[in-house]
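A.B. asks: Quick one: the structure is below, and I'll ask about it shortly.
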Amino acid sequence: PVIMRESVDAYYDEKDLQDVQLYSSYGFCLEDYQTVAGIEGVKSIFASKTVDCNASIGENEELVTRVTEVNRLNNGYNLIEGRMPQKSDECLLIHKTDFMAFELGEKVKVDLGKDDISAYLKNDEYTIVGFFESPEYMAKILGSSNYNNEALQIVMFVPNDNFLADYYTTMFVTLDDAEELISYTKDYDRCIEKGIEDIENETYAQQDYRRTQLIKEAQEELDKKTEILNTLKTEGQQELDEAKKQLDEASVQIAVYESELSALQ
């Protein structure tokens, strides 16, 4: 129905829901962000840091979870119960959890299985202080995670300073002309298709930038370690040569002493 579609569109516009979402397995750097932000037709862009992982809440263990930032430029949300996080180890949990019920004050323990989650997040345990709803997660199916390619079960927002990585995982983009159009219409779809095409064309040369940087950094680190190893090997060989020299000199001395002892006898 038209009325329902217009109501949903108004909700999307109110919360600045993204028109285009960009994802990179290598992550995005500042140069990537600046490239997309400078494309004609891009209204706003929010570069976000996200970690998909396991979570345990009460008796519920190994819930596939998305941990992302509570303060955001677009993709807004409504706090429907509780309060906003005030400490770094507090979180909001998505309200749409029909398959299980959680309560304010419960603890959420997150982990990455064999990997160390402390490389990604400052805290590995959070207290639920509120529940939210978002146009980004309106369906019962929350989407797929990057953790073992499993379906998401819960989503949690934590204070932004929890994220330790120096790169972004996702960029949410809104387009200049899209807000005036109604979502799920042909006009809106054409607008988004053009926006995606413009972004792809403008970022074609940029798409390998971070990958190239990572390879360069890895090579520099390898060269540095190789230089250290070669230095240690050289120093070690010098020590071996010196020890051999001292051993040879000692052998000569022993031979002299033996000769002198024989003469005395």
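The chains in the structure tokens are called A, B, ... from first to last as shown; in each chain the residues are counted from 1, and the ligands are counted from 1 in the order shown.
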Could you find all residues in segment 46-87 of chain A that DSSP calls strand (DSSP E or B) from the backbone, and write them as a list in words?
C.D. replies: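 Checking each residue of segment 46-87 of chain A, the strand (DSSP E or B) ones are Phe46, Ala47, Ser48, Thr50, Val51, Asp52, Cys53, Asn54, Ala55, Ser56, Ile57, Asn60, Glu61, Glu62, Leu63, Val64, Thr65, Arg66, Val67, Thr68, Glu69, Asn78, Leu79, Ile80, Glu81 and Gly82 of chain A.
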A.B. asks: If you take only C-alpha atoms and a cut-off of 12 Å, which residues of segment 77-105 of chain A touch segment 162-185 of chain A, and what are their nearest atom pairs and distances in Å to one decimal, in chain and number order, as CSV?
C.D. replies:
```
residue,atom,partner,partner_atom,distance
A:Lys87,CA,A:Asn162,CA,10.3
A:Ser88,CA,A:Asn162,CA,6.6
A:Asp89,CA,A:Asn162,CA,8.3
A:Glu90,CA,A:Asn162,CA,10.3
A:Cys91,CA,A:Asn162,CA,10.8
```
A.B. asks: Restricted to all heavy atoms, what would the selected residues look like written as a compact mmCIF listing (two decimals), in the first residue's frame?
C.D. replies:
```
# COMPACT_ATOMS: atom_id res chain seq x y z
N LYS A 87 29.55 4.44 30.01
CA LYS A 87 30.89 3.89 30.24
C LYS A 87 31.28 3.03 29.03
O LYS A 87 30.40 2.56 28.28
CB LYS A 87 30.93 3.06 31.51
CG LYS A 87 30.55 3.82 32.77
CD LYS A 87 30.54 2.89 33.97
CE LYS A 87 30.13 3.63 35.24
NZ LYS A 87 30.08 2.72 36.42
N SER A 88 32.57 2.80 28.87
CA SER A 88 33.04 2.05 27.70
C SER A 88 32.61 0.60 27.72
O SER A 88 32.57 -0.05 26.68
CB SER A 88 34.57 2.13 27.61
OG SER A 88 35.18 1.47 28.70
N ASP A 89 32.24 0.07 28.90
CA ASP A 89 31.83 -1.34 28.98
C ASP A 89 30.33 -1.49 29.11
O ASP A 89 29.83 -2.46 29.69
CB ASP A 89 32.55 -2.05 30.12
CG ASP A 89 32.22 -1.46 31.49
OD1 ASP A 89 31.60 -0.37 31.54
OD2 ASP A 89 32.58 -2.09 32.51
N GLU A 90 29.58 -0.52 28.58
CA GLU A 90 28.11 -0.59 28.55
C GLU A 90 27.66 -0.65 27.09
O GLU A 90 28.36 -0.19 26.20
CB GLU A 90 27.49 0.61 29.25
CG GLU A 90 27.79 0.64 30.75
CD GLU A 90 27.18 1.85 31.46
OE1 GLU A 90 26.89 2.86 30.78
OE2 GLU A 90 27.00 1.78 32.68
N CYS A 91 26.48 -1.24 26.86
CA CYS A 91 26.02 -1.42 25.47
C CYS A 91 24.52 -1.30 25.37
O CYS A 91 23.78 -1.38 26.36
CB CYS A 91 26.47 -2.79 24.95
SG CYS A 91 25.56 -4.19 25.66
```
A.B. asks: At a cut-off of 9 Å, using only C-alpha atoms, what residues contact Ile94 of chain A? Leave out same-chain residues fewer than 6 positions from it and give the result as a PyMOL selection string.
C.D. replies: chain A and resi 130-134+137+154-157
A.B. asks: Can you pull out every residue within 10 Å of segment 25-36 of chain A, counting only C-alpha atoms, but drop anything in the same chain fewer than 3 positions away, and send it as an mmCIF file with all heavy atoms, in the first residue's frame?
C.D. replies:
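Contents of the output file around-v1.cif:
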```cif
data_model
loop_
_atom_site.group_PDB
_atom_site.id
_atom_site.type_symbol
_atom_site.label_atom_id
_atom_site.label_comp_id
_atom_site.auth_asym_id
_atom_site.auth_seq_id
_atom_site.Cartn_x
_atom_site.Cartn_y
_atom_site.Cartn_z
ATOM 1 N N LEU A 22 28.980 0.236 1.479
ATOM 2 C CA LEU A 22 30.232 -0.253 0.915
ATOM 3 C C LEU A 22 30.948 -1.112 1.947
ATOM 4 O O LEU A 22 31.032 -0.748 3.126
ATOM 5 C CB LEU A 22 31.136 0.917 0.519
ATOM 6 C CG LEU A 22 30.520 1.994 -0.370
ATOM 7 C CD1 LEU A 22 31.543 3.085 -0.656
ATOM 8 C CD2 LEU A 22 30.012 1.392 -1.667
ATOM 9 N N ILE A 39 32.848 12.404 -4.133
ATOM 10 C CA ILE A 39 32.116 12.058 -5.351
ATOM 11 C C ILE A 39 30.851 12.922 -5.467
ATOM 12 O O ILE A 39 30.098 13.081 -4.501
ATOM 13 C CB ILE A 39 31.740 10.564 -5.343
ATOM 14 C CG1 ILE A 39 33.011 9.713 -5.374
ATOM 15 C CG2 ILE A 39 30.845 10.216 -6.532
ATOM 16 C CD1 ILE A 39 32.753 8.229 -5.230
ATOM 17 N N GLU A 40 30.624 13.458 -6.638
ATOM 18 C CA GLU A 40 29.434 14.275 -6.878
ATOM 19 C C GLU A 40 28.179 13.431 -6.683
ATOM 20 O O GLU A 40 28.065 12.331 -7.211
ATOM 21 C CB GLU A 40 29.465 14.849 -8.295
ATOM 22 C CG GLU A 40 28.319 15.798 -8.592
ATOM 23 C CD GLU A 40 28.398 16.390 -9.989
ATOM 24 O OE1 GLU A 40 29.415 16.125 -10.687
ATOM 25 O OE2 GLU A 40 27.464 17.111 -10.386
ATOM 26 N N VAL A 42 27.124 12.422 -3.637
ATOM 27 C CA VAL A 42 27.164 11.839 -2.294
ATOM 28 C C VAL A 42 26.795 12.922 -1.285
ATOM 29 O O VAL A 42 27.444 13.958 -1.198
ATOM 30 C CB VAL A 42 28.563 11.258 -1.978
ATOM 31 C CG1 VAL A 42 28.675 10.905 -0.495
ATOM 32 C CG2 VAL A 42 28.825 10.029 -2.828
ATOM 33 N N SER A 44 26.084 12.320 2.289
ATOM 34 C CA SER A 44 26.799 12.087 3.542
ATOM 35 C C SER A 44 27.403 10.696 3.524
ATOM 36 O O SER A 44 26.968 9.819 2.764
ATOM 37 C CB SER A 44 25.867 12.225 4.758
ATOM 38 O OG SER A 44 24.916 11.167 4.775
ATOM 39 N N ILE A 45 28.419 10.514 4.357
ATOM 40 C CA ILE A 45 29.076 9.215 4.424
ATOM 41 C C ILE A 45 29.508 8.965 5.866
ATOM 42 O O ILE A 45 30.075 9.852 6.515
ATOM 43 C CB ILE A 45 30.288 9.146 3.462
ATOM 44 C CG1 ILE A 45 31.040 7.827 3.623
ATOM 45 C CG2 ILE A 45 31.212 10.317 3.658
ATOM 46 C CD1 ILE A 45 32.116 7.625 2.588
ATOM 47 N N PHE A 46 29.198 7.783 6.356
ATOM 48 C CA PHE A 46 29.590 7.385 7.711
ATOM 49 C C PHE A 46 30.489 6.168 7.615
ATOM 50 O O PHE A 46 30.052 5.099 7.187
ATOM 51 C CB PHE A 46 28.357 7.082 8.569
ATOM 52 C CG PHE A 46 28.664 6.462 9.903
ATOM 53 C CD1 PHE A 46 29.587 7.045 10.759
ATOM 54 C CD2 PHE A 46 28.032 5.294 10.303
ATOM 55 C CE1 PHE A 46 29.871 6.479 11.985
ATOM 56 C CE2 PHE A 46 28.305 4.724 11.530
ATOM 57 C CZ PHE A 46 29.231 5.315 12.382
ATOM 58 N N ALA A 47 31.753 6.346 7.979
ATOM 59 C CA ALA A 47 32.710 5.232 7.983
ATOM 60 C C ALA A 47 32.645 4.574 9.355
ATOM 61 O O ALA A 47 32.910 5.212 10.376
ATOM 62 C CB ALA A 47 34.119 5.741 7.684
ATOM 63 N N SER A 48 32.281 3.304 9.371
ATOM 64 C CA SER A 48 31.990 2.611 10.621
ATOM 65 C C SER A 48 32.967 1.474 10.880
ATOM 66 O O SER A 48 33.503 0.858 9.955
ATOM 67 C CB SER A 48 30.561 2.052 10.569
ATOM 68 O OG SER A 48 30.274 1.268 11.701
ATOM 69 N N LYS A 49 33.188 1.212 12.160
ATOM 70 C CA LYS A 49 33.996 0.074 12.578
ATOM 71 C C LYS A 49 33.085 -0.978 13.208
ATOM 72 O O LYS A 49 32.253 -0.650 14.051
ATOM 73 C CB LYS A 49 35.069 0.516 13.572
ATOM 74 C CG LYS A 49 36.061 1.506 12.978
ATOM 75 C CD LYS A 49 37.097 1.968 13.985
ATOM 76 C CE LYS A 49 38.063 2.958 13.350
ATOM 77 N NZ LYS A 49 39.093 3.444 14.292
ATOM 78 N N ASN A 146 30.076 -11.671 9.076
ATOM 79 C CA ASN A 146 31.370 -12.003 8.490
ATOM 80 C C ASN A 146 32.103 -13.040 9.328
ATOM 81 O O ASN A 146 33.231 -13.397 9.029
ATOM 82 C CB ASN A 146 32.232 -10.736 8.382
ATOM 83 C CG ASN A 146 31.543 -9.665 7.557
ATOM 84 O OD1 ASN A 146 30.975 -9.957 6.515
ATOM 85 N ND2 ASN A 146 31.592 -8.430 8.023
ATOM 86 N N ALA A 165 41.019 -0.869 15.911
ATOM 87 C CA ALA A 165 41.577 -0.892 14.557
ATOM 88 C C ALA A 165 41.719 0.525 14.021
ATOM 89 O O ALA A 165 40.932 1.422 14.365
ATOM 90 C CB ALA A 165 40.699 -1.714 13.630
ATOM 91 N N ASP A 166 42.725 0.736 13.163
ATOM 92 C CA ASP A 166 42.928 2.050 12.549
ATOM 93 C C ASP A 166 42.278 2.123 11.163
ATOM 94 O O ASP A 166 42.579 3.015 10.382
ATOM 95 C CB ASP A 166 44.415 2.379 12.448
ATOM 96 C CG ASP A 166 45.178 1.342 11.632
ATOM 97 O OD1 ASP A 166 44.569 0.335 11.218
ATOM 98 O OD2 ASP A 166 46.394 1.540 11.412
ATOM 99 N N TYR A 167 41.410 1.165 10.858
ATOM 100 C CA TYR A 167 40.710 1.167 9.577
ATOM 101 C C TYR A 167 39.213 0.968 9.810
ATOM 102 O O TYR A 167 38.781 0.568 10.896
ATOM 103 C CB TYR A 167 41.251 0.053 8.661
ATOM 104 C CG TYR A 167 41.088 -1.338 9.243
ATOM 105 C CD1 TYR A 167 39.930 -2.080 9.036
ATOM 106 C CD2 TYR A 167 42.104 -1.914 10.010
ATOM 107 C CE1 TYR A 167 39.767 -3.336 9.571
ATOM 108 C CE2 TYR A 167 41.952 -3.174 10.550
ATOM 109 C CZ TYR A 167 40.781 -3.888 10.321
ATOM 110 O OH TYR A 167 40.631 -5.136 10.882
ATOM 111 N N TYR A 168 38.409 1.281 8.787
ATOM 112 C CA TYR A 168 36.955 1.125 8.859
ATOM 113 C C TYR A 168 36.547 -0.148 8.108
ATOM 114 O O TYR A 168 37.190 -0.541 7.138
ATOM 115 C CB TYR A 168 36.258 2.340 8.231
ATOM 116 C CG TYR A 168 36.730 3.664 8.782
ATOM 117 C CD1 TYR A 168 37.626 4.454 8.065
ATOM 118 C CD2 TYR A 168 36.288 4.120 10.010
ATOM 119 C CE1 TYR A 168 38.069 5.673 8.564
ATOM 120 C CE2 TYR A 168 36.729 5.340 10.517
ATOM 121 C CZ TYR A 168 37.618 6.105 9.791
ATOM 122 O OH TYR A 168 38.060 7.304 10.292
ATOM 123 N N THR A 169 35.485 -0.776 8.548
ATOM 124 C CA THR A 169 35.020 -1.994 7.880
ATOM 125 C C THR A 169 33.892 -1.722 6.887
ATOM 126 O O THR A 169 33.752 -2.438 5.895
ATOM 127 C CB THR A 169 34.523 -3.019 8.916
ATOM 128 O OG1 THR A 169 33.579 -2.381 9.789
ATOM 129 C CG2 THR A 169 35.677 -3.553 9.748
ATOM 130 N N THR A 170 33.097 -0.690 7.151
ATOM 131 C CA THR A 170 31.918 -0.413 6.328
ATOM 132 C C THR A 170 31.757 1.094 6.154
ATOM 133 O O THR A 170 32.078 1.862 7.060
ATOM 134 C CB THR A 170 30.643 -0.986 6.982
ATOM 135 O OG1 THR A 170 30.861 -2.344 7.343
ATOM 136 C CG2 THR A 170 29.456 -0.906 6.035
ATOM 137 N N MET A 171 31.256 1.494 4.979
ATOM 138 C CA MET A 171 30.895 2.898 4.775
ATOM 139 C C MET A 171 29.436 2.970 4.327
ATOM 140 O O MET A 171 29.043 2.285 3.374
ATOM 141 C CB MET A 171 31.824 3.554 3.748
ATOM 142 C CG MET A 171 33.237 3.747 4.260
ATOM 143 S SD MET A 171 34.233 4.930 3.302
ATOM 144 C CE MET A 171 34.586 3.961 1.843
ATOM 145 N N VAL A 173 26.499 5.280 2.866
ATOM 146 C CA VAL A 173 26.439 6.474 2.014
ATOM 147 C C VAL A 173 24.980 6.849 1.753
ATOM 148 O O VAL A 173 24.147 5.989 1.445
ATOM 149 C CB VAL A 173 27.150 6.216 0.667
ATOM 150 C CG1 VAL A 173 27.064 7.441 -0.231
ATOM 151 C CG2 VAL A 173 28.604 5.809 0.897
ATOM 152 N N ASP A 198 28.275 5.557 -10.265
ATOM 153 C CA ASP A 198 29.194 6.684 -10.083
ATOM 154 C C ASP A 198 30.277 6.344 -9.057
ATOM 155 O O ASP A 198 31.458 6.652 -9.262
ATOM 156 C CB ASP A 198 28.428 7.930 -9.628
ATOM 157 C CG ASP A 198 27.533 8.487 -10.731
ATOM 158 O OD1 ASP A 198 27.748 8.126 -11.910
ATOM 159 O OD2 ASP A 198 26.613 9.266 -10.406
ATOM 160 N N ILE A 199 29.876 5.702 -7.961
ATOM 161 C CA ILE A 199 30.837 5.339 -6.917
ATOM 162 C C ILE A 199 31.837 4.324 -7.448
ATOM 163 O O ILE A 199 33.050 4.434 -7.225
ATOM 164 C CB ILE A 199 30.103 4.785 -5.672
ATOM 165 C CG1 ILE A 199 29.325 5.912 -4.979
ATOM 166 C CG2 ILE A 199 31.095 4.153 -4.697
ATOM 167 C CD1 ILE A 199 28.437 5.444 -3.852
ATOM 168 N N GLU A 200 31.343 3.323 -8.190
ATOM 169 C CA GLU A 200 32.240 2.302 -8.745
ATOM 170 C C GLU A 200 33.243 2.915 -9.722
ATOM 171 O O GLU A 200 34.432 2.573 -9.704
ATOM 172 C CB GLU A 200 31.424 1.214 -9.432
ATOM 173 C CG GLU A 200 30.691 0.303 -8.462
ATOM 174 C CD GLU A 200 29.866 -0.751 -9.181
ATOM 175 O OE1 GLU A 200 29.588 -0.576 -10.388
ATOM 176 O OE2 GLU A 200 29.490 -1.753 -8.535
ATOM 177 N N GLU A 202 34.292 6.092 -9.855
ATOM 178 C CA GLU A 202 35.213 7.019 -9.200
ATOM 179 C C GLU A 202 36.202 6.305 -8.280
ATOM 180 O O GLU A 202 37.285 6.820 -8.007
ATOM 181 C CB GLU A 202 34.430 8.065 -8.397
ATOM 182 C CG GLU A 202 33.605 9.014 -9.248
ATOM 183 C CD GLU A 202 34.482 9.931 -10.098
ATOM 184 O OE1 GLU A 202 35.604 10.248 -9.671
ATOM 185 O OE2 GLU A 202 34.046 10.308 -11.203
ATOM 186 N N THR A 203 35.827 5.126 -7.787
ATOM 187 C CA THR A 203 36.694 4.430 -6.827
ATOM 188 C C THR A 203 37.461 3.284 -7.461
ATOM 189 O O THR A 203 38.169 2.560 -6.758
ATOM 190 C CB THR A 203 35.873 3.875 -5.648
ATOM 191 O OG1 THR A 203 34.872 2.968 -6.152
ATOM 192 C CG2 THR A 203 35.197 4.996 -4.872
ATOM 193 N N GLN A 206 40.976 3.537 -6.767
ATOM 194 C CA GLN A 206 41.243 3.592 -5.332
ATOM 195 C C GLN A 206 41.098 2.226 -4.667
ATOM 196 O O GLN A 206 41.618 2.006 -3.574
ATOM 197 C CB GLN A 206 40.267 4.581 -4.675
ATOM 198 C CG GLN A 206 40.436 4.789 -3.177
ATOM 199 C CD GLN A 206 41.708 5.512 -2.817
ATOM 200 O OE1 GLN A 206 42.245 6.251 -3.633
ATOM 201 N NE2 GLN A 206 42.216 5.303 -1.606
ATOM 202 N N GLN A 207 40.421 1.282 -5.346
ATOM 203 C CA GLN A 207 39.996 0.064 -4.667
ATOM 204 C C GLN A 207 41.148 -0.804 -4.145
ATOM 205 O O GLN A 207 40.984 -1.542 -3.177
ATOM 206 C CB GLN A 207 39.109 -0.771 -5.593
ATOM 207 C CG GLN A 207 39.789 -1.241 -6.864
ATOM 208 C CD GLN A 207 38.828 -1.998 -7.761
ATOM 209 O OE1 GLN A 207 37.757 -2.390 -7.333
ATOM 210 N NE2 GLN A 207 39.210 -2.215 -8.992
ATOM 211 N N ASP A 208 42.318 -0.709 -4.768
ATOM 212 C CA ASP A 208 43.451 -1.517 -4.318
ATOM 213 C C ASP A 208 44.414 -0.736 -3.434
ATOM 214 O O ASP A 208 45.485 -1.249 -3.080
ATOM 215 C CB ASP A 208 44.223 -2.063 -5.534
ATOM 216 C CG ASP A 208 43.434 -3.130 -6.273
ATOM 217 O OD1 ASP A 208 42.647 -3.829 -5.617
ATOM 218 O OD2 ASP A 208 43.606 -3.254 -7.494
ATOM 219 N N TYR A 209 44.034 0.499 -3.064
ATOM 220 C CA TYR A 209 44.963 1.352 -2.318
ATOM 221 C C TYR A 209 45.358 0.725 -0.985
ATOM 222 O O TYR A 209 46.551 0.587 -0.685
ATOM 223 C CB TYR A 209 44.331 2.725 -2.075
ATOM 224 C CG TYR A 209 45.216 3.681 -1.303
ATOM 225 C CD1 TYR A 209 46.180 4.441 -1.959
ATOM 226 C CD2 TYR A 209 45.097 3.817 0.078
ATOM 227 C CE1 TYR A 209 47.004 5.320 -1.260
ATOM 228 C CE2 TYR A 209 45.924 4.678 0.788
ATOM 229 C CZ TYR A 209 46.865 5.422 0.116
ATOM 230 O OH TYR A 209 47.681 6.272 0.812
ATOM 231 N N ARG A 210 44.361 0.338 -0.179
ATOM 232 C CA ARG A 210 44.682 -0.217 1.141
ATOM 233 C C ARG A 210 45.404 -1.557 1.017
ATOM 234 O O ARG A 210 46.331 -1.838 1.768
ATOM 235 C CB ARG A 210 43.419 -0.363 1.997
ATOM 236 C CG ARG A 210 43.724 -0.994 3.339
ATOM 237 C CD ARG A 210 42.618 -0.838 4.352
ATOM 238 N NE ARG A 210 42.847 -1.698 5.484
ATOM 239 C CZ ARG A 210 43.729 -1.456 6.451
ATOM 240 N NH1 ARG A 210 44.458 -0.369 6.418
ATOM 241 N NH2 ARG A 210 43.869 -2.302 7.457
ATOM 242 N N ARG A 211 44.985 -2.375 0.053
ATOM 243 C CA ARG A 211 45.664 -3.656 -0.161
ATOM 244 C C ARG A 211 47.141 -3.430 -0.478
ATOM 245 O O ARG A 211 48.023 -4.094 0.071
ATOM 246 C CB ARG A 211 44.984 -4.426 -1.294
ATOM 247 C CG ARG A 211 45.677 -5.723 -1.670
ATOM 248 C CD ARG A 211 44.878 -6.443 -2.754
ATOM 249 N NE ARG A 211 45.560 -7.646 -3.194
ATOM 250 C CZ ARG A 211 46.473 -7.694 -4.150
ATOM 251 N NH1 ARG A 211 46.832 -6.573 -4.770
ATOM 252 N NH2 ARG A 211 47.045 -8.823 -4.496
ATOM 253 N N GLN A 213 48.892 -0.806 0.321
ATOM 254 C CA GLN A 213 49.543 -0.298 1.516
ATOM 255 C C GLN A 213 49.875 -1.421 2.486
ATOM 256 O O GLN A 213 50.952 -1.443 3.087
ATOM 257 C CB GLN A 213 48.651 0.734 2.215
ATOM 258 C CG GLN A 213 48.490 2.044 1.455
ATOM 259 C CD GLN A 213 49.820 2.758 1.275
ATOM 260 O OE1 GLN A 213 50.357 2.799 0.179
ATOM 261 N NE2 GLN A 213 50.356 3.301 2.340
ATOM 262 N N LEU A 214 48.948 -2.374 2.656
ATOM 263 C CA LEU A 214 49.184 -3.499 3.560
ATOM 264 C C LEU A 214 50.346 -4.359 3.084
ATOM 265 O O LEU A 214 51.183 -4.797 3.882
ATOM 266 C CB LEU A 214 47.914 -4.351 3.678
ATOM 267 C CG LEU A 214 46.746 -3.728 4.438
ATOM 268 C CD1 LEU A 214 45.518 -4.606 4.338
ATOM 269 C CD2 LEU A 214 47.121 -3.502 5.896
#
```
A.B. asks: Val129 of chain A: which residues within 9 Å, counting only C-alpha atoms, same-chain residues fewer than 4 positions away excluded, as a list of chain:residue names?
C.D. replies: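 Near Val129 of chain A, the qualifying residues are A:Glu81, A:Gly82, A:Arg83, A:Met84, A:Pro85, A:Glu90, A:Cys91, A:Leu92, A:Leu93, A:Glu103, A:Leu104, A:Gly105, A:Glu106.
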A.B. asks: Could the residues in this selection be written to a file with N, CA, C and O atoms, as a CSV table (one decimal), in the first residue's frame?
C.D. replies:
```csv
chain,number,residue,atom,x,y,z
A,81,GLU,N,14.1,1.6,25.4
A,81,GLU,CA,14.1,1.2,26.8
A,81,GLU,C,15.5,1.4,27.4
A,81,GLU,O,16.5,1.2,26.7
A,82,GLY,N,15.5,1.8,28.7
A,82,GLY,CA,16.8,2.0,29.3
A,82,GLY,C,17.4,3.4,29.0
A,82,GLY,O,16.7,4.3,28.8
A,83,ARG,N,18.7,3.4,29.0
A,83,ARG,CA,19.4,4.7,28.8
A,83,ARG,C,20.6,4.4,27.8
A,83,ARG,O,21.0,3.3,27.5
A,84,MET,N,21.3,5.5,27.4
A,84,MET,CA,22.5,5.4,26.5
A,84,MET,C,23.7,5.0,27.4
A,84,MET,O,23.8,5.3,28.6
A,85,PRO,N,24.6,4.3,26.7
A,85,PRO,CA,25.9,3.9,27.4
A,85,PRO,C,26.6,5.1,27.9
A,85,PRO,O,26.8,6.1,27.2
A,90,GLU,N,29.6,-0.5,28.6
A,90,GLU,CA,28.1,-0.6,28.5
A,90,GLU,C,27.7,-0.7,27.1
A,90,GLU,O,28.4,-0.2,26.2
A,91,CYS,N,26.5,-1.2,26.9
A,91,CYS,CA,26.0,-1.4,25.5
A,91,CYS,C,24.5,-1.3,25.4
A,91,CYS,O,23.8,-1.4,26.4
A,92,LEU,N,24.1,-1.1,24.1
A,92,LEU,CA,22.7,-1.2,23.7
A,92,LEU,C,22.5,-2.5,23.0
A,92,LEU,O,23.4,-2.9,22.2
A,93,LEU,N,21.4,-3.1,23.2
A,93,LEU,CA,21.1,-4.4,22.4
A,93,LEU,C,19.9,-4.2,21.6
A,93,LEU,O,18.9,-3.5,22.0
A,103,GLU,N,17.4,-8.9,29.6
A,103,GLU,CA,17.0,-7.9,30.5
A,103,GLU,C,18.1,-6.9,30.7
A,103,GLU,O,19.3,-7.2,30.5
A,104,LEU,N,17.7,-5.7,31.1
A,104,LEU,CA,18.7,-4.6,31.5
A,104,LEU,C,19.6,-5.1,32.6
A,104,LEU,O,19.1,-5.8,33.6
A,105,GLY,N,20.8,-4.8,32.5
A,105,GLY,CA,21.8,-5.2,33.6
A,105,GLY,C,22.5,-6.5,33.3
A,105,GLY,O,23.4,-6.9,34.0
A,106,GLU,N,22.0,-7.3,32.3
A,106,GLU,CA,22.7,-8.6,32.0
A,106,GLU,C,24.0,-8.3,31.4
A,106,GLU,O,24.2,-7.2,30.7
```
A.B. asks: Excluding segment 59-72 of chain A and residues on its chain fewer than 4 positions from it, collect all residues at most 6 Å away from it, counting only C-alpha atoms, and give them as JSON, numbers by chain.
C.D. replies: {"A": [50, 51, 52, 53, 54, 55, 152, 153, 154, 155, 156, 157, 158, 159, 160]}
A.B. asks: So the first atom is atom CA of Gly113 of chain A and the second is atom CA of Tyr147 of chain A; what is the distance between them in Å, to one decimal place?
C.D. replies: 10.1 Å
